[in-house]
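Novice: Before we start, here is the structure in question, set down as structure tokens.
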Number of protein chains: 2
Amino acid sequence: MDRVLQDMEKERETLQVWKERVGQELDSVVAFWMEHSHDQEHGGFFTCLGRNGQVYDHLKYVWLQGRQVWMYCRLYRTFERFRRADLLDAAKAGGEFLLHYARVAPPGKKCAFVLTRDGHPVKVQRTIFSECFYTMAMNELWKVTGETYYQKEAVEMMDQIVHWVREDPAGLGRPQLSGTLATEPMAVPMMLLSLVEQLGEEDEALTSKYAELGDWCAHRILQHVQKDGKAVLENVSEDGKELPGCLGRHQNPGHAIEAGWFLLQYARRKGDIKLRMHIIEKFLLLPFHSGWDPEHGGLFYFQDADGFCPTQLEWDMKLWWPHCEAMIASLMAYSENGDPALLKLFKQFRDPEFGEWFGYLKREGKVALSIKGGPFKGCFHVPRCLAMCEQILEVLLRHLGPAPVVSSPTVPTRGGSK
Amino acid sequence: MDRVLQDMEKERETLQVWKERVGQELDSVVAFWMEHSHDQEHGGFFTCLGRNGQVYDHLKYVWLQGRQVWMYCRLYRTFERFRRADLLDAAKAGGEFLLHYARVAPPGKKCAFVLTRDGHPVKVQRTIFSECFYTMAMNELWKVTGETYYQKEAVEMMDQIVHWVREDPAGLGRPQLSGTLATEPMAVPMMLLSLVEQLGEEDEALTSKYAELGDWCAHRILQHVQKDGKAVLENVSEDGKELPGCLGRHQNPGHAIEAGWFLLQYARRKGDIKLRMHIIEKFLLLPFHSGWDPEHGGLFYFQDADGFCPTQLEWDMKLWWPHCEAMIASLMAYSENGDPALLKLFKQFRDPEFGEWFGYLKREGKVALSIKGGPFKGCFHVPRCLAMCEQILEVLLRHLGPAPVVSSPTVPTRGGSK
């Protein structure tokens, strides 16, 4: 009995140390974006930031605008120490920028992919992702401010996205070609599932409205487990069959792991223990093991399910975000049955000199690109990971025994139990 | 006097050795594509080939279909040892595949970027490049076979391309967005200039028809020399001004060098010695020196003209094609005033075991992708480089003194002199 208590105390101490380190890191990362990314003149955020925060391009990528608004609001809403007027003001200015400029041809809902500093559209993607991050931003702004026009924007955009995905994709502008396979990239149901979680959080009416959609998303994501359960494939047919060629064999281990923790939240909400075990096995352990570089450690960016050489030049690089997803997922799995070894991963990405994390390491771990932000890296994966890890560790510590009182009114492990 | 003769003899021997090595390499590379890439069932070529030639994807990329047809015809036409029926038959089968399937909606001229194995369009790019390689293929088929319908296809497509570039780009399908700068990627006038050379070769009527276009292309390419003559930029405004941000600072040293040898051919044809010296300085020596990796050797793929970190993940990789262009350009410059040191570059890319060259090396020279072909690497840069180097060396040797008689009725150094 003493031995059990000793082990629990040791675990508590380990988790406490991790929680403090993660919390300090989160503070430092948020400070980086607060200091360098705000455009005081036009609103919105610069995300093309060099190692020391210097702006090297003024373009505004809509994914990253939406994500930063979401991140600031989420921090404001769920961490007492981030309930700061400057954070909320910057989020609102980002929200206003999106409201004014994100849509290419209002009242049409299609959003640009990238805007000039003063909001003119530069490029439009024929996908749903700008619109998804727009929706996340608007919903969080509503949750924080209570202003109903944000929520109206969020729900109307969500309904448009669902229409594009499930009814008619014509509005996205992709040409119909006779040789194009009806492919489902896993990103689509993943993104929708995360929106279902986002909109449904503490909102019974929307939870109910999107319940069937959530089930559909989970079903679609689960269809990406292929090759007799031995691989998660990025692209399958809409009815869950393998596709030919490189497209069909394409794997992205970090993405599978991210899908894993999205699904785990879903399964916890459903109270489906069997599904939780399946997800941990197929979306966390499987891609973690098959995607891990046996020589240098870390997760490969891309792989070919049949072991061919991928054609993407960056296939063996180590990117920050798969490792962020792995940290979240491993802590979530630990909340069920695991161990937090993955937390040490983040050390290789840290920049103790200027703050924030490097995004792109070579296979062997050397920094490949010194930028802290760019067209695809903004104020999102790193702080989301750190914030979620801090919150999960807080819950774990609460379950283990007496711990100092911390903020965090909402934690992402609702319905979870250890 | 004896010393001068001795030096000439030494130079002759060096060039003779290089010519033999390049010729053997060309034979081996052509054999690789002949053995592994022909689709006997549907015509056209597989280009997604693994290290040993194994087909890892059946998709047919139109750029690479057109380039392989062109390459086979060019070899057949200008090398006695490649005047082989099997080479011509494969080129014709590739040409028929393009004639039947390349255009997305005939009689419209827009071509697909990639087709299924049996010719259905999978993806369309909103650029002119598929159409340009289609034109190159058709013109060479005409030059080899004398079949006028090939030439009709080539000239009609050329006129369509020129219309898109100089009159109205609407047919390419790019949306007009208020934030998009009127950018000129250097690839566009480069590609057109190479088509002017291609169509005008031994054709007085077309030389005359496209003379003004050739001058326009040369003028446009020369506008990419910026930063007080210290950098060749990939993108400038249509009136030759620098553009803001990463786009404006983007550099691709191998591309600048390729533009250099295109321009050098143009300047030789014009007999413009001053222009030739300018081109050698700005498009060959400048990018060669600023693009060279001082630590590991080789040309970087991308650079930022102001020294910021590029945002492309592959920026510091060493690709096969910039080194092919550098080999051609350095030999051409040597024909004017240089030295052939660059020929040794190709050793790092060679695969003595299975033939053809690796395409993608890491910065330090290790093979990054084991593929021999893929969406952007086909039967083109390596054999074009080897064939042109063999022909240039042949001309140089002819100028130096008695040498064994070799084939090569056409050489790309017309108008050139040593």
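In the structure tokens, chains take letters A, B, ... by order of appearance, with residues numbered from 1 within each chain and ligands from 1 in the order shown.
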For range 79-94 of chain B, find every residue with an atom within 8 Å (counting only C-alpha atoms), except residues of its own chain fewer than 5 positions away, and show them as a PyMOL selection string.
Specialist: chain B and resi 34+38+43-45+65-66+68-70+72-73+141+407-409
Novice: Restricted to C-alpha atoms, what would the selected residues look like written as a CSV table (one decimal), in the first residue's frame?
Specialist:
```csv
chain,number,residue,atom,x,y,z
B,34,MET,CA,13.8,2.9,-73.4
B,38,HIS,CA,7.2,2.8,-72.5
B,43,GLY,CA,1.1,4.6,-75.7
B,44,GLY,CA,2.8,7.4,-74.0
B,45,PHE,CA,5.3,7.0,-71.2
B,65,GLN,CA,5.1,13.2,-72.1
B,66,GLY,CA,5.9,16.2,-74.4
B,68,GLN,CA,10.2,12.7,-73.9
B,69,VAL,CA,8.7,12.8,-77.4
B,70,TRP,CA,10.9,15.9,-78.0
B,72,TYR,CA,13.6,11.0,-78.6
B,73,CYS,CA,13.0,13.0,-81.8
B,141,LEU,CA,7.9,15.1,-84.7
B,407,SER,CA,27.6,12.2,-86.2
B,408,SER,CA,25.9,15.4,-85.0
B,409,PRO,CA,24.7,17.2,-88.2
```
Novice: With the cut-off set at 7 Å and counting only C-alpha atoms, tabulate each residue of chain B with an atom at most that distance from an atom of chain A, showing the nearest atom pair and its distance in Å to one decimal, ordered by chain and increasing number, as a Markdown table.
Specialist:
```
| residue | atom | partner | partner_atom | distance |
| --- | --- | --- | --- | --- |
| B:Tyr56 | CA | A:Gly245 | CA | 6.8 |
| B:Asp57 | CA | A:Gly245 | CA | 4.8 |
| B:His58 | CA | A:Gly245 | CA | 6.9 |
| B:Leu115 | CA | A:Gly179 | CA | 6.7 |
| B:Thr116 | CA | A:Gly179 | CA | 6.0 |
| B:His120 | CA | A:Gly179 | CA | 4.4 |
| B:Pro121 | CA | A:Gly179 | CA | 4.7 |
| B:Val122 | CA | A:Thr180 | CA | 4.5 |
| B:Leu177 | CA | A:Pro121 | CA | 5.9 |
| B:Ser178 | CA | A:His120 | CA | 5.7 |
| B:Gly179 | CA | A:His120 | CA | 4.4 |
| B:Thr180 | CA | A:Val122 | CA | 4.5 |
| B:Gly245 | CA | A:Asp57 | CA | 4.8 |
| B:Cys246 | CA | A:Asp57 | CA | 6.2 |
| B:Cys309 | CA | A:Leu369 | CA | 6.3 |
| B:Thr311 | CA | A:Gly374 | CA | 6.6 |
| B:Leu313 | CA | A:Glu314 | CA | 6.3 |
| B:Glu314 | CA | A:Glu314 | CA | 6.2 |
| B:Leu369 | CA | A:Cys309 | CA | 6.3 |
| B:Ser370 | CA | A:Cys309 | CA | 6.4 |
| B:Ile371 | CA | A:Cys309 | CA | 6.7 |
| B:Gly374 | CA | A:Thr311 | CA | 6.7 |
```
Novice: Could you give me, as a PyMOL selection string, the residues within 12 Å of Ala267 in chain B, counting only C-alpha atoms and dropping anything in the same chain fewer than 2 positions from it?
Specialist: chain B and resi 193+197+214-215+218-219+222+260-265+269-280+413-416
Novice: Please dump the current selection as a PDB file, in the first residue's frame; keep C-alpha atoms.
Specialist:
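Generated output (result04.pdb):
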```pdb
ATOM      1  CA  LEU B 193      12.044  32.029 -76.178  1.00  0.00           C
ATOM      2  CA  GLU B 197      14.357  28.803 -81.110  1.00  0.00           C
ATOM      3  CA  GLY B 214      11.985  36.487 -79.684  1.00  0.00           C
ATOM      4  CA  ASP B 215      13.124  40.065 -79.093  1.00  0.00           C
ATOM      5  CA  ALA B 218      14.777  38.431 -74.489  1.00  0.00           C
ATOM      6  CA  HIS B 219      13.811  41.924 -73.321  1.00  0.00           C
ATOM      7  CA  LEU B 222      16.697  40.676 -69.169  1.00  0.00           C
ATOM      8  CA  GLY B 260      21.321  32.282 -69.480  1.00  0.00           C
ATOM      9  CA  TRP B 261      21.948  29.598 -72.043  1.00  0.00           C
ATOM     10  CA  PHE B 262      18.606  30.258 -73.754  1.00  0.00           C
ATOM     11  CA  LEU B 263      19.632  33.925 -74.038  1.00  0.00           C
ATOM     12  CA  LEU B 264      23.118  32.999 -75.171  1.00  0.00           C
ATOM     13  CA  GLN B 265      21.685  31.047 -78.099  1.00  0.00           C
ATOM     14  CA  ARG B 269      21.904  34.134 -83.497  1.00  0.00           C
ATOM     15  CA  LYS B 270      21.715  37.933 -83.337  1.00  0.00           C
ATOM     16  CA  GLY B 271      25.522  38.205 -83.492  1.00  0.00           C
ATOM     17  CA  ASP B 272      25.368  40.582 -80.534  1.00  0.00           C
ATOM     18  CA  ILE B 273      28.745  40.298 -78.793  1.00  0.00           C
ATOM     19  CA  LYS B 274      28.007  42.921 -76.133  1.00  0.00           C
ATOM     20  CA  LEU B 275      24.807  41.113 -75.169  1.00  0.00           C
ATOM     21  CA  ARG B 276      26.709  37.806 -75.016  1.00  0.00           C
ATOM     22  CA  MET B 277      29.145  39.264 -72.496  1.00  0.00           C
ATOM     23  CA  HIS B 278      26.271  40.736 -70.435  1.00  0.00           C
ATOM     24  CA  ILE B 279      24.492  37.368 -70.360  1.00  0.00           C
ATOM     25  CA  ILE B 280      27.605  35.471 -69.320  1.00  0.00           C
ATOM     26  CA  THR B 413      26.092  26.515 -81.100  1.00  0.00           C
ATOM     27  CA  ARG B 414      25.102  27.816 -84.511  1.00  0.00           C
ATOM     28  CA  GLY B 415      26.670  31.195 -85.046  1.00  0.00           C
ATOM     29  CA  GLY B 416      28.997  30.567 -82.128  1.00  0.00           C
TER      30      GLY B 416
END
```
Novice: Using DSSP on the backbone, list every residue of range 3-213 of chain A that comes out as strand (DSSP E or B), and give them as a list in words.
Specialist: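 Matching residues for strand (DSSP E or B) in range 3-213 of chain A are His38, Phe45, Cys48, Leu49, Val55, Tyr56, Asp57, Lys60, Tyr61, Arg103, Cys111, Val114, Leu115, Pro121, Val122, Lys123, Thr183, Glu184 and Pro185 of chain A.
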Novice: Trp216 in chain A: which residues within 12 Å, counting only C-alpha atoms, same-chain residues fewer than 2 positions away excluded, as a PyMOL selection string?
Specialist: chain A and resi 162+165-166+188-190+192-193+196+210-214+218-223+238+263+266
Novice: For Ser237 in chain B, work out the shell of residues within 7 Å, counting only C-alpha atoms and skipping chain neighbours fewer than 3 positions away, then give it as a ChimeraX atom specification.
Specialist: /B:182-184,240-243
Novice: Restricting it to N, CA, C and O atoms, dump the selection as a short mmCIF file (atom, residue, chain, number, x, y, z; two decimals), in the first residue's frame.
Specialist:
```cif
data_model
loop_
_atom_site.label_atom_id
_atom_site.label_comp_id
_atom_site.auth_asym_id
_atom_site.auth_seq_id
_atom_site.Cartn_x
_atom_site.Cartn_y
_atom_site.Cartn_z
N ALA B 182 0.30 42.05 -60.92
CA ALA B 182 0.57 41.61 -62.30
C ALA B 182 2.03 41.17 -62.35
O ALA B 182 2.93 41.96 -62.62
N THR B 183 2.25 39.91 -62.05
CA THR B 183 3.58 39.36 -61.91
C THR B 183 4.02 38.69 -63.19
O THR B 183 3.23 38.01 -63.83
N GLU B 184 5.30 38.84 -63.53
CA GLU B 184 5.84 38.04 -64.61
C GLU B 184 6.83 37.03 -64.05
O GLU B 184 7.94 37.38 -63.66
N GLY B 240 9.03 45.43 -65.41
CA GLY B 240 10.40 45.25 -64.96
C GLY B 240 10.75 45.92 -63.64
O GLY B 240 11.88 46.34 -63.43
N LYS B 241 9.78 46.00 -62.73
CA LYS B 241 10.06 46.55 -61.39
C LYS B 241 10.08 45.43 -60.35
O LYS B 241 9.41 44.41 -60.52
N GLU B 242 10.81 45.68 -59.27
CA GLU B 242 10.82 44.72 -58.17
C GLU B 242 9.43 44.62 -57.53
O GLU B 242 8.72 45.61 -57.44
N LEU B 243 9.09 43.43 -57.04
CA LEU B 243 7.82 43.20 -56.36
C LEU B 243 8.08 43.03 -54.85
O LEU B 243 9.17 42.62 -54.46
#
```
Novice: What does the distance from CA of Ala170 in chain A to CA of Thr127 in chain B come to in Å, to one decimal?
Specialist: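 Taking CA of Ala170 in chain A and CA of Thr127 in chain B, their separation equals 22.1 Å.
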Novice: Please provide as JSON, numbers by chain all residues within 9 Å of Ala31 in chain B, with the sequence filter that same-chain residues fewer than 4 positions apart are discarded (counting only C-alpha atoms).
Specialist: {"B": [26, 27, 35, 36, 355, 356]}
Novice: Applying 9 Å and only C-alpha atoms, which residues near Gly298 in chain B remain after dropping the ones on its own chain fewer than 3 positions away? List them as a PDB file with all heavy atoms, in the first residue's frame.
Specialist:
```pdb
ATOM      1  N   GLY B 291      24.578  31.417 -56.059  1.00  0.00           N
ATOM      2  CA  GLY B 291      23.751  30.243 -55.769  1.00  0.00           C
ATOM      3  C   GLY B 291      24.531  29.041 -55.271  1.00  0.00           C
ATOM      4  O   GLY B 291      23.952  28.021 -54.905  1.00  0.00           O
ATOM      5  N   TRP B 292      25.850  29.146 -55.269  1.00  0.00           N
ATOM      6  CA  TRP B 292      26.701  28.009 -54.903  1.00  0.00           C
ATOM      7  C   TRP B 292      26.788  27.857 -53.389  1.00  0.00           C
ATOM      8  O   TRP B 292      26.946  28.831 -52.667  1.00  0.00           O
ATOM      9  CB  TRP B 292      28.099  28.222 -55.491  1.00  0.00           C
ATOM     10  CG  TRP B 292      28.971  27.003 -55.442  1.00  0.00           C
ATOM     11  CD1 TRP B 292      30.000  26.765 -54.577  1.00  0.00           C
ATOM     12  CD2 TRP B 292      28.893  25.844 -56.285  1.00  0.00           C
ATOM     13  NE1 TRP B 292      30.575  25.539 -54.834  1.00  0.00           N
ATOM     14  CE2 TRP B 292      29.912  24.940 -55.870  1.00  0.00           C
ATOM     15  CE3 TRP B 292      28.055  25.467 -57.344  1.00  0.00           C
ATOM     16  CZ2 TRP B 292      30.120  23.702 -56.493  1.00  0.00           C
ATOM     17  CZ3 TRP B 292      28.261  24.238 -57.952  1.00  0.00           C
ATOM     18  CH2 TRP B 292      29.275  23.374 -57.531  1.00  0.00           C
ATOM     19  N   ASP B 293      26.653  26.638 -52.911  1.00  0.00           N
ATOM     20  CA  ASP B 293      26.748  26.350 -51.476  1.00  0.00           C
ATOM     21  C   ASP B 293      28.230  26.333 -51.068  1.00  0.00           C
ATOM     22  O   ASP B 293      28.964  25.426 -51.468  1.00  0.00           O
ATOM     23  CB  ASP B 293      26.097  24.989 -51.211  1.00  0.00           C
ATOM     24  CG  ASP B 293      26.170  24.577 -49.743  1.00  0.00           C
ATOM     25  OD1 ASP B 293      26.799  25.296 -48.943  1.00  0.00           O
ATOM     26  OD2 ASP B 293      25.588  23.519 -49.415  1.00  0.00           O
ATOM     27  N   PRO B 294      28.669  27.310 -50.281  1.00  0.00           N
ATOM     28  CA  PRO B 294      30.101  27.377 -49.958  1.00  0.00           C
ATOM     29  C   PRO B 294      30.545  26.214 -49.076  1.00  0.00           C
ATOM     30  O   PRO B 294      31.733  25.884 -49.042  1.00  0.00           O
ATOM     31  CB  PRO B 294      30.228  28.710 -49.203  1.00  0.00           C
ATOM     32  CG  PRO B 294      28.868  29.010 -48.690  1.00  0.00           C
ATOM     33  CD  PRO B 294      27.899  28.377 -49.645  1.00  0.00           C
ATOM     34  N   LYS B 318      19.725  19.957 -53.322  1.00  0.00           N
ATOM     35  CA  LYS B 318      20.440  20.014 -54.596  1.00  0.00           C
ATOM     36  C   LYS B 318      19.658  19.167 -55.592  1.00  0.00           C
ATOM     37  O   LYS B 318      19.589  17.943 -55.437  1.00  0.00           O
ATOM     38  CB  LYS B 318      21.873  19.492 -54.424  1.00  0.00           C
ATOM     39  CG  LYS B 318      22.639  20.123 -53.244  1.00  0.00           C
ATOM     40  CD  LYS B 318      22.989  21.582 -53.446  1.00  0.00           C
ATOM     41  CE  LYS B 318      23.410  22.277 -52.149  1.00  0.00           C
ATOM     42  NZ  LYS B 318      24.627  21.766 -51.513  1.00  0.00           N
ATOM     43  N   LEU B 319      19.102  19.818 -56.603  1.00  0.00           N
ATOM     44  CA  LEU B 319      18.304  19.100 -57.592  1.00  0.00           C
ATOM     45  C   LEU B 319      19.128  18.835 -58.849  1.00  0.00           C
ATOM     46  O   LEU B 319      20.067  19.577 -59.162  1.00  0.00           O
ATOM     47  CB  LEU B 319      17.030  19.879 -57.944  1.00  0.00           C
ATOM     48  CG  LEU B 319      15.819  19.541 -57.056  1.00  0.00           C
ATOM     49  CD1 LEU B 319      16.066  19.965 -55.608  1.00  0.00           C
ATOM     50  CD2 LEU B 319      14.549  20.168 -57.581  1.00  0.00           C
ATOM     51  N   HIS B 323      21.791  21.538 -62.047  1.00  0.00           N
ATOM     52  CA  HIS B 323      23.165  21.126 -62.342  1.00  0.00           C
ATOM     53  C   HIS B 323      23.322  20.718 -63.809  1.00  0.00           C
ATOM     54  O   HIS B 323      24.377  20.906 -64.402  1.00  0.00           O
ATOM     55  CB  HIS B 323      23.586  20.038 -61.349  1.00  0.00           C
ATOM     56  CG  HIS B 323      23.566  20.552 -59.932  1.00  0.00           C
ATOM     57  ND1 HIS B 323      22.414  20.543 -59.173  1.00  0.00           N
ATOM     58  CD2 HIS B 323      24.520  21.154 -59.181  1.00  0.00           C
ATOM     59  CE1 HIS B 323      22.676  21.099 -57.998  1.00  0.00           C
ATOM     60  NE2 HIS B 323      23.940  21.482 -57.971  1.00  0.00           N
ATOM     61  N   LEU B 345      30.357  17.964 -61.769  1.00  0.00           N
ATOM     62  CA  LEU B 345      29.151  18.009 -60.953  1.00  0.00           C
ATOM     63  C   LEU B 345      28.291  16.762 -61.081  1.00  0.00           C
ATOM     64  O   LEU B 345      27.657  16.317 -60.131  1.00  0.00           O
ATOM     65  CB  LEU B 345      28.278  19.186 -61.388  1.00  0.00           C
ATOM     66  CG  LEU B 345      28.538  20.533 -60.744  1.00  0.00           C
ATOM     67  CD1 LEU B 345      27.616  21.542 -61.371  1.00  0.00           C
ATOM     68  CD2 LEU B 345      28.304  20.445 -59.245  1.00  0.00           C
ATOM     69  N   ARG B 363      21.221  18.770 -49.006  1.00  0.00           N
ATOM     70  CA  ARG B 363      22.230  19.822 -49.130  1.00  0.00           C
ATOM     71  C   ARG B 363      23.645  19.252 -49.146  1.00  0.00           C
ATOM     72  O   ARG B 363      24.490  19.665 -49.934  1.00  0.00           O
ATOM     73  CB  ARG B 363      22.085  20.810 -47.961  1.00  0.00           C
ATOM     74  CG  ARG B 363      23.135  21.893 -48.007  1.00  0.00           C
ATOM     75  CD  ARG B 363      22.906  22.982 -46.988  1.00  0.00           C
ATOM     76  NE  ARG B 363      24.020  23.915 -47.053  1.00  0.00           N
ATOM     77  CZ  ARG B 363      24.187  24.965 -46.260  1.00  0.00           C
ATOM     78  NH1 ARG B 363      23.278  25.231 -45.347  1.00  0.00           N
ATOM     79  NH2 ARG B 363      25.232  25.738 -46.393  1.00  0.00           N
ATOM     80  N   GLU B 364      23.890  18.259 -48.287  1.00  0.00           N
ATOM     81  CA  GLU B 364      25.251  17.739 -48.163  1.00  0.00           C
ATOM     82  C   GLU B 364      25.567  16.681 -49.217  1.00  0.00           C
ATOM     83  O   GLU B 364      26.672  16.132 -49.228  1.00  0.00           O
ATOM     84  CB  GLU B 364      25.491  17.214 -46.741  1.00  0.00           C
ATOM     85  CG  GLU B 364      24.664  16.014 -46.347  1.00  0.00           C
ATOM     86  CD  GLU B 364      23.284  16.381 -45.808  1.00  0.00           C
ATOM     87  OE1 GLU B 364      22.794  17.502 -46.085  1.00  0.00           O
ATOM     88  OE2 GLU B 364      22.676  15.541 -45.125  1.00  0.00           O
ATOM     89  N   GLY B 365      24.646  16.393 -50.115  1.00  0.00           N
ATOM     90  CA  GLY B 365      24.935  15.539 -51.247  1.00  0.00           C
ATOM     91  C   GLY B 365      24.388  14.123 -51.160  1.00  0.00           C
ATOM     92  O   GLY B 365      24.460  13.368 -52.123  1.00  0.00           O
TER      93      GLY B 365
END
```
